[in-house]
$ cat model-v1.cif   # mmCIF, C-alpha atoms
data_protein
loop_
_atom_site.label_atom_id
_atom_site.label_comp_id
_atom_site.auth_asym_id
_atom_site.auth_seq_id
_atom_site.Cartn_x
_atom_site.Cartn_y
_atom_site.Cartn_z
CA MET A 1 -149.07 25.71 -193.25
CA ASN A 2 -146.60 25.24 -196.01
CA THR A 3 -143.81 27.71 -196.29
CA ASP A 4 -141.15 27.45 -198.94
CA LEU A 5 -137.78 29.05 -198.42
CA THR A 6 -136.69 30.48 -201.66
CA ILE A 7 -133.69 32.64 -202.41
CA ASP A 8 -134.03 35.17 -205.07
CA LEU A 9 -130.61 35.44 -206.71
CA LEU A 10 -131.71 38.66 -208.26
CA LEU A 11 -131.52 40.26 -204.80
CA ILE A 12 -127.70 39.71 -204.66
CA PRO A 13 -126.09 42.88 -205.82
CA SER A 14 -124.14 42.45 -208.99
CA THR A 15 -122.17 45.59 -208.47
CA LEU A 16 -120.31 46.90 -205.36
CA ASP A 17 -121.31 50.24 -204.07
CA ALA A 18 -119.51 52.36 -201.44
CA TYR A 19 -121.45 50.81 -198.55
CA HIS A 20 -120.43 47.28 -199.36
CA ILE A 21 -116.83 48.27 -199.93
CA ALA A 22 -116.67 49.89 -196.47
CA LEU A 23 -118.29 46.88 -194.85
CA ALA A 24 -115.80 44.51 -196.51
CA SER A 25 -112.90 46.71 -195.41
CA CYS A 26 -114.07 46.61 -191.79
CA VAL A 27 -114.33 42.85 -191.85
CA LEU A 28 -110.84 42.58 -193.34
CA VAL A 29 -109.37 44.91 -190.73
CA LEU A 30 -111.05 42.98 -187.92
CA ALA A 31 -109.70 39.72 -189.34
CA VAL A 32 -106.18 41.14 -189.49
CA ILE A 33 -106.45 42.41 -185.90
CA LEU A 34 -107.70 39.02 -184.78
CA VAL A 35 -104.82 37.24 -186.51
CA ILE A 36 -102.26 39.63 -184.99
CA THR A 37 -103.78 39.17 -181.52
CA LEU A 38 -103.61 35.40 -181.85
CA LEU A 39 -99.99 35.59 -183.00
CA VAL A 40 -99.07 37.81 -180.04
CA LEU A 41 -100.78 35.50 -177.55
CA THR A 42 -99.09 32.45 -179.08
CA SER A 43 -95.71 34.15 -178.93
CA ASN A 44 -96.17 35.09 -175.25
CA LEU A 45 -97.18 31.55 -174.36
CA ARG A 46 -94.07 30.19 -176.07
CA LYS A 47 -91.86 32.66 -174.18
CA GLN A 48 -93.43 31.64 -170.87
CA LYS A 49 -92.83 27.99 -171.68
CA LYS A 50 -89.19 28.72 -172.50
CA ILE A 51 -88.74 30.51 -169.18
CA ILE A 52 -90.51 27.87 -167.09
CA THR A 53 -89.05 24.80 -168.79
CA PRO A 54 -85.32 25.41 -167.99
CA THR A 55 -86.19 26.10 -164.36
CA THR A 56 -87.91 22.76 -164.05
CA VAL A 57 -85.15 20.90 -165.90
CA VAL A 58 -82.32 22.48 -163.89
CA THR A 59 -83.95 22.09 -160.49
CA ALA A 60 -84.33 18.30 -160.73
CA PRO A 61 -80.62 17.53 -161.45
CA ILE A 62 -79.42 19.82 -158.64
CA THR A 63 -81.69 18.07 -156.16
CA ALA A 64 -80.52 14.66 -157.38
CA ALA A 65 -76.85 15.69 -157.26
CA GLU A 66 -76.95 17.10 -153.73
CA PRO A 67 -75.59 13.88 -152.09
CA GLN A 68 -72.67 13.84 -154.55
CA ILE A 69 -71.96 17.50 -153.87
CA ILE A 70 -72.01 16.86 -150.10
CA GLU A 71 -69.66 13.87 -150.53
CA LYS A 72 -67.24 16.00 -152.55
CA ILE A 73 -67.31 18.69 -149.85
CA ILE A 74 -66.57 16.06 -147.19
CA GLU A 75 -63.71 14.65 -149.29
CA ILE A 76 -62.24 18.13 -149.70
CA GLU A 77 -62.49 18.71 -145.95
CA LYS A 78 -60.71 15.41 -145.34
CA GLU A 79 -57.94 16.32 -147.77
CA VAL A 80 -57.38 19.69 -146.14
CA PRO A 81 -54.67 19.10 -143.49
CA GLY A 82 -55.51 20.05 -139.95
CA PRO A 83 -53.36 22.22 -137.74
CA ALA A 84 -49.80 21.01 -137.42
CA PRO A 85 -49.00 19.34 -134.08
CA GLU A 86 -47.04 21.41 -131.63
CA PRO A 87 -43.31 20.70 -131.85
CA ILE A 88 -41.80 18.65 -129.05
CA ILE A 89 -39.48 20.87 -127.06
CA LEU A 90 -36.54 18.92 -125.67
CA LYS A 91 -35.13 20.04 -122.36
CA GLU A 92 -31.48 20.93 -122.25
CA PHE A 93 -29.55 20.23 -119.08
CA THR A 94 -26.20 21.64 -118.15
CA PRO A 95 -23.50 19.05 -117.32
CA ASP A 96 -22.88 20.59 -113.92
CA ALA A 97 -25.17 18.27 -111.94
CA ALA A 98 -23.98 15.13 -113.77
CA THR A 99 -20.30 15.86 -113.28
CA GLN A 100 -20.95 16.83 -109.66
CA LEU A 101 -22.62 13.47 -109.04
CA LEU A 102 -19.70 11.62 -110.65
CA SER A 103 -17.35 13.60 -108.45
CA LEU A 104 -19.26 12.53 -105.30
CA LEU A 105 -19.31 8.87 -106.38
CA GLN A 106 -15.60 8.96 -107.09
CA LYS A 107 -14.84 10.64 -103.78
CA ASP A 108 -16.83 8.26 -101.53
CA ALA A 109 -16.93 5.05 -103.60
CA ARG A 110 -13.95 5.24 -106.00
CA PHE A 111 -16.60 4.60 -108.67
CA ILE A 112 -14.64 5.80 -111.69
CA ASP A 113 -11.56 3.82 -110.63
CA PHE A 114 -13.63 0.67 -110.29
CA ILE A 115 -15.32 1.11 -113.71
CA PHE A 116 -12.01 1.54 -115.53
CA GLU A 117 -10.19 -1.16 -113.58
CA ASP A 118 -9.42 -4.38 -115.45
CA ILE A 119 -11.08 -6.82 -113.05
CA ALA A 120 -10.11 -9.81 -115.22
CA ALA A 121 -6.79 -9.84 -113.36
CA TYR A 122 -8.59 -10.50 -110.03
CA ASN A 123 -10.40 -13.58 -108.79
CA ASP A 124 -14.03 -13.55 -107.73
CA GLN A 125 -13.19 -13.13 -104.04
CA GLU A 126 -11.02 -10.08 -104.71
CA VAL A 127 -13.66 -8.57 -107.00
CA GLY A 128 -16.26 -9.15 -104.30
CA MET A 129 -14.15 -7.33 -101.72
CA ILE A 130 -13.70 -4.35 -104.08
CA ALA A 131 -17.39 -4.35 -104.99
CA ARG A 132 -18.31 -4.17 -101.29
CA VAL A 133 -16.25 -0.98 -100.90
CA VAL A 134 -17.83 0.55 -104.03
CA HIS A 135 -21.32 -0.50 -102.89
CA ASP A 136 -20.91 1.09 -99.45
CA GLY A 137 -19.63 4.34 -100.97
CA CYS A 138 -22.41 4.53 -103.59
CA ASN A 139 -25.02 3.80 -100.93
CA LYS A 140 -23.70 6.69 -98.86
CA VAL A 141 -23.82 9.16 -101.78
CA ILE A 142 -27.33 8.17 -102.88
CA ASN A 143 -28.84 8.27 -99.41
CA GLU A 144 -27.14 11.57 -98.57
CA HIS A 145 -28.02 13.54 -101.71
CA PHE A 146 -31.18 11.87 -103.07
CA ILE A 147 -34.55 10.84 -101.70
CA LEU A 148 -35.98 7.95 -103.72
CA ALA A 149 -39.34 6.22 -103.62
CA PRO A 150 -40.73 3.20 -105.48
CA ILE A 151 -43.12 3.99 -108.32
CA CYS A 152 -45.34 1.04 -107.46
CA PRO A 153 -45.57 0.21 -103.74
CA ASP A 154 -46.87 -3.34 -104.38
CA LYS A 155 -44.66 -6.35 -103.81
CA GLU A 156 -42.70 -7.64 -106.77
CA ASN A 157 -44.08 -10.79 -108.47
CA SER A 158 -47.58 -9.83 -107.28
CA SER A 159 -50.60 -9.24 -109.55
CA ILE A 160 -51.23 -5.64 -110.58
CA THR A 161 -53.83 -3.83 -112.72
CA ILE A 162 -52.78 -1.02 -115.05
CA HIS A 163 -55.65 1.40 -115.66
CA HIS A 164 -56.34 3.32 -118.87
CA ASP A 165 -54.91 6.60 -117.51
CA PHE A 166 -51.53 5.14 -116.54
CA ASP A 167 -48.34 7.17 -116.99
CA ALA A 168 -46.35 5.69 -119.89
CA ASP A 169 -43.14 7.15 -118.44
CA ALA A 170 -43.71 5.47 -115.10
CA PHE A 171 -44.79 2.01 -116.30
CA PHE A 172 -43.00 -0.11 -118.90
CA LEU A 173 -45.23 -2.87 -120.27
CA THR A 174 -43.77 -6.08 -121.67
CA GLY A 175 -45.15 -9.39 -122.88
CA ASN A 176 -48.34 -9.92 -124.90
CA ILE A 177 -49.85 -6.43 -125.15
CA THR A 178 -53.20 -6.52 -126.99
CA GLY A 179 -56.23 -4.28 -126.84
CA GLN A 180 -56.49 -1.31 -124.53
CA ALA A 181 -56.17 -0.76 -120.80
CA PRO A 182 -56.99 -1.81 -118.17
CA PHE A 183 -54.31 -4.53 -118.20
CA THR A 184 -53.63 -7.16 -115.56
CA GLY A 185 -50.11 -8.48 -115.17
CA THR A 186 -47.28 -9.34 -112.80
CA LEU A 187 -45.09 -6.67 -111.20
CA ILE A 188 -41.53 -7.56 -112.16
CA HIS A 189 -39.83 -4.44 -110.78
CA LYS A 190 -41.35 -1.73 -108.60
CA GLY A 191 -39.38 1.09 -110.27
CA TRP A 192 -37.76 4.12 -108.68
CA GLN A 193 -38.43 7.85 -108.78
CA VAL A 194 -36.57 10.80 -107.32
CA THR A 195 -38.64 12.88 -104.94
CA GLU A 196 -35.87 15.25 -103.78
CA ILE A 197 -32.30 16.16 -104.79
CA LYS A 198 -29.86 17.70 -102.33
CA LEU A 199 -26.62 18.25 -104.21
CA PRO A 200 -24.15 20.61 -102.54
CA LYS A 201 -23.78 24.11 -103.95
CA ILE A 202 -20.62 24.98 -105.83
CA SER A 203 -18.97 28.30 -106.61
CA GLU A 204 -19.13 29.78 -110.11
CA ALA A 205 -15.34 29.60 -110.37
CA HIS A 206 -15.34 25.82 -109.76
CA ASN A 207 -14.41 23.75 -112.83
CA VAL A 208 -17.17 21.12 -112.92
CA SER A 209 -15.42 19.11 -115.62
CA ILE A 210 -12.82 17.98 -113.06
CA ILE A 211 -14.27 14.83 -111.51
CA THR A 212 -11.40 14.35 -109.13
CA PRO A 213 -8.02 16.10 -109.15
CA ALA A 214 -4.80 14.24 -109.85
CA GLU A 215 -3.03 13.37 -106.60
CA VAL A 216 0.68 14.14 -106.31
CA GLU A 217 2.80 13.19 -103.31
CA LEU A 218 5.80 15.41 -102.62
#
$ encode --input "model-v1.cif" --output "C-alpha cells"
Amino acid sequence: MNTDLTIDLLLIPSTLDAYHIALASCVLVLAVILVITLLVLTSNLRKQKKIITPTTVVTAPITAAEPQIIEKIIEIEKEVPGPAPEPIILKEFTPDAATQLLSLLQKDARFIDFIFEDIAAYNDQEVGMIARVVHDGCNKVINEHFILAPICPDKENSSITIHHDFDADAFFLTGNITGQAPFTGTLIHKGWQVTEIKLPKISEAHNVSIITPAEVEL
C-alpha cells in the first residue's frame, strides 16, 4: 500500500481571523508566564546558594582556628596575675623581756661589765679566772629562768637524715645542697630550743631600761 504524504499549501490560511489571533495570544501569554516562572526559580536558587555558601565558608576557618583560639585564651590566663600573696606580718616584741634578761645576767654574772672590759690588759690566766666567774653566773641565770632542750637528740658528728617535711627554722643546712629532701648528712651541732621561760614579774612602775643601778658608797 503506497501512501504519499502531501501538504497542500493552499490549506494554510493566508489571512488571520479572530480565532487564530486569540490562539496566538494565548500561546504568547503562556510563553511569558513560563519565562517569568523560570526567572523566579533561578533567582530563588541563586539566593539559596548565597545563603548556604557563606555558612560553609565561615564554618571551616572557625573549626581550623579553634586550637589557636584556645592557645590565645591560655596565654591570656597566664598573663592575668593570680591573687597577691598574703603579706608577712612581723611580730613586734617589747624590750621589757630583753632588758630584764640583761639585768639578771649583770646581777649574777657581771655580764655587761665583762663585755665592756678591756681584757687586752690581762693575761690569759687572769682572763680565764674572770671567765669562770661569768660562766658560773650565766649558767645560774639560764638554768633558773629557762628550760632548754636540744632540737636534734642525736649525737654530734653522727649521720642524720633530713626528711622532706623538715622545719627550715629548726635545721640549718650547709655544704653541697642539691636536689630535694630527703638529705643525709653529718650533725655538726644539735641546736637548742626554749621550751619554757620563767622570768620574774615586775611592777608597771619599774623602769626596765635600767639594767643595773649605779652604786654609790656613802
$ residues_near_point --input "model-v1.cif" --point "(-22.0, 12.5, -101.5)" --cutoff "9 Å" --atoms "all atoms listed in the file" --output "JSON, numbers by chain"
{"A": [101, 103, 104, 105, 107, 108, 137, 138, 140, 141, 142, 143, 144, 145, 199, 200]}
$ closest_residue --input "model-v1.cif" --among "A:Ala109, A:Leu187, A:Ala181, A:Val216" --to "Asp136 (chain A)" --atoms "all atoms listed in the file"
A:Ala109
$ residues_around --input "model-v1.cif" --residues "Ile147 (chain A)" --least-positions-apart "6" --cutoff "8 Å" --atoms "all atoms listed in the file" --output "list in words"
Val194, Thr195, Glu196 and Ile197 of chain A
$ write_last_selection --input "model-v1.cif" --atoms "C-alpha atoms" --output "short mmCIF file (atom, residue, chain, number, x, y, z; two decimals), keeping the file's coordinate frame"
data_model
loop_
_atom_site.label_atom_id
_atom_site.label_comp_id
_atom_site.auth_asym_id
_atom_site.auth_seq_id
_atom_site.Cartn_x
_atom_site.Cartn_y
_atom_site.Cartn_z
CA VAL A 194 -36.57 10.80 -107.32
CA THR A 195 -38.64 12.88 -104.94
CA GLU A 196 -35.87 15.25 -103.78
CA ILE A 197 -32.30 16.16 -104.79
#
$ resolve_selection --input "model-v1.cif" --expression "the PyMOL selection byres ((chain A and resi 172) around 12)" --output "JSON, numbers by chain"
{"A": [151, 152, 162, 166, 167, 168, 169, 170, 171, 173, 174, 175, 177, 185, 186, 187, 188, 189, 190, 191]}
$ write_last_selection --input "model-v1.cif" --atoms "C-alpha atoms" --output "JSON list (two decimals), in the coordinates of the input"
[["chain", "number", "residue", "atom", "x", "y", "z"],
["A", 151, "ILE", "CA", -43.12, 3.99, -108.32],
["A", 152, "CYS", "CA", -45.34, 1.04, -107.46],
["A", 162, "ILE", "CA", -52.78, -1.02, -115.05],
["A", 166, "PHE", "CA", -51.53, 5.14, -116.54],
["A", 167, "ASP", "CA", -48.34, 7.17, -116.99],
["A", 168, "ALA", "CA", -46.35, 5.69, -119.89],
["A", 169, "ASP", "CA", -43.14, 7.15, -118.44],
["A", 170, "ALA", "CA", -43.71, 5.47, -115.10],
["A", 171, "PHE", "CA", -44.79, 2.01, -116.30],
["A", 173, "LEU", "CA", -45.23, -2.87, -120.27],
["A", 174, "THR", "CA", -43.77, -6.08, -121.67],
["A", 175, "GLY", "CA", -45.15, -9.39, -122.88],
["A", 177, "ILE", "CA", -49.85, -6.43, -125.15],
["A", 185, "GLY", "CA", -50.11, -8.48, -115.17],
["A", 186, "THR", "CA", -47.28, -9.34, -112.80],
["A", 187, "LEU", "CA", -45.09, -6.67, -111.20],
["A", 188, "ILE", "CA", -41.53, -7.56, -112.16],
["A", 189, "HIS", "CA", -39.83, -4.44, -110.78],
["A", 190, "LYS", "CA", -41.35, -1.73, -108.60],
["A", 191, "GLY", "CA", -39.38, 1.09, -110.27]]
$ atom_distance --input "model-v1.cif" --atom1 "CA of His135 (chain A)" --atom2 "CA of Ser209 (chain A)"
24.1 Å
$ atom_distance --input "model-v1.cif" --atom1 "CA of Gln100 (chain A)" --atom2 "CA of Gly128 (chain A)"
26.9 Å
$ closest_residue --input "model-v1.cif" --among "A:Lys198, A:Thr212, A:Ile115, A:Thr178" --to "Phe146 (chain A)" --atoms "only C-alpha atoms"
A:Lys198
$ atom_distance --input "model-v1.cif" --atom1 "CA of Thr94 (chain A)" --atom2 "CA of Ala149 (chain A)"
24.9 Å
$ residues_near_point --input "model-v1.cif" --point "(-15.3, -4.3, -102.8)" --cutoff "12 Å" --atoms "all atoms listed in the file" --output "ChimeraX atom specification"
/A:109-111,113-114,119,122,124-138
$ residues_around --input "model-v1.cif" --residues "Thr184 (chain A)" --least-positions-apart "3" --cutoff "8 Å" --atoms "all atoms listed in the file" --output "number ranges by chain"
A: 159-162
$ write_last_selection --input "model-v1.cif" --atoms "C-alpha atoms" --output "compact mmCIF listing (two decimals), in the coordinates of the input"
# COMPACT_ATOMS: atom_id res chain seq x y z
CA SER A 159 -50.60 -9.24 -109.55
CA ILE A 160 -51.23 -5.64 -110.58
CA THR A 161 -53.83 -3.83 -112.72
CA ILE A 162 -52.78 -1.02 -115.05
$ decode --input "model-v1.cif" --residues "region 175-198 of chain A" --atoms "N, CA and C atoms" --output "tab-separated table (two decimals), in the first residue's frame"
chain	number	residue	atom	x	y	z
A	175	GLY	N	76.95	23.04	103.17
A	175	GLY	CA	77.65	22.11	102.30
A	175	GLY	C	77.06	22.07	100.91
A	176	ASN	N	77.16	20.93	100.26
A	176	ASN	CA	76.70	20.74	98.87
A	176	ASN	C	75.22	20.35	98.90
A	177	ILE	N	74.34	21.34	98.71
A	177	ILE	CA	72.90	21.10	98.76
A	177	ILE	C	72.38	21.04	97.33
A	178	THR	N	72.03	19.87	96.86
A	178	THR	CA	71.49	19.68	95.51
A	178	THR	C	70.25	18.80	95.58
A	179	GLY	N	69.32	19.05	94.69
A	179	GLY	CA	68.11	18.25	94.64
A	179	GLY	C	67.16	18.59	95.77
A	180	GLN	N	66.33	17.66	96.11
A	180	GLN	CA	65.32	17.85	97.14
A	180	GLN	C	65.46	16.78	98.22
A	181	ALA	N	64.88	17.09	99.38
A	181	ALA	CA	64.93	16.16	100.51
A	181	ALA	C	64.25	14.84	100.12
A	182	PRO	N	64.63	13.74	100.78
A	182	PRO	CA	65.47	13.66	101.98
A	182	PRO	C	66.96	13.83	101.70
A	183	PHE	N	67.67	14.43	102.72
A	183	PHE	CA	69.11	14.61	102.65
A	183	PHE	C	69.76	13.78	103.76
A	184	THR	N	70.95	13.31	103.50
A	184	THR	CA	71.73	12.59	104.50
A	184	THR	C	73.03	13.34	104.72
A	185	GLY	N	73.31	13.67	105.98
A	185	GLY	CA	74.50	14.43	106.30
A	185	GLY	C	75.01	14.11	107.69
A	186	THR	N	75.91	14.98	108.17
A	186	THR	CA	76.52	14.81	109.48
A	186	THR	C	76.03	15.91	110.41
A	187	LEU	N	75.60	15.54	111.60
A	187	LEU	CA	75.11	16.50	112.59
A	187	LEU	C	76.31	17.23	113.20
A	188	ILE	N	76.44	18.51	112.89
A	188	ILE	CA	77.54	19.31	113.41
A	188	ILE	C	77.19	19.89	114.78
A	189	HIS	N	75.97	20.39	114.91
A	189	HIS	CA	75.52	20.94	116.20
A	189	HIS	C	74.06	20.54	116.40
A	190	LYS	N	73.73	20.12	117.61
A	190	LYS	CA	72.39	19.60	117.89
A	190	LYS	C	71.34	20.70	118.01
A	191	GLY	N	71.74	21.96	118.14
A	191	GLY	CA	70.79	23.06	118.23
A	191	GLY	C	70.11	23.13	119.60
A	192	TRP	N	69.52	24.28	119.86
A	192	TRP	CA	68.81	24.48	121.13
A	192	TRP	C	67.46	25.15	120.87
A	193	GLN	N	66.49	24.82	121.69
A	193	GLN	CA	65.18	25.46	121.65
A	193	GLN	C	64.68	25.68	123.07
A	194	VAL	N	63.94	26.77	123.24
A	194	VAL	CA	63.38	27.09	124.55
A	194	VAL	C	62.02	26.42	124.67
A	195	THR	N	61.84	25.66	125.72
A	195	THR	CA	60.56	25.02	125.96
A	195	THR	C	59.74	25.72	127.04
A	196	GLU	N	60.42	26.54	127.86
A	196	GLU	CA	59.69	27.26	128.92
A	196	GLU	C	60.53	28.45	129.37
A	197	ILE	N	59.87	29.58	129.65
A	197	ILE	CA	60.51	30.79	130.16
A	197	ILE	C	59.88	31.14	131.49
A	198	LYS	N	60.73	31.43	132.48
A	198	LYS	CA	60.22	31.73	133.82
A	198	LYS	C	60.87	33.01	134.34
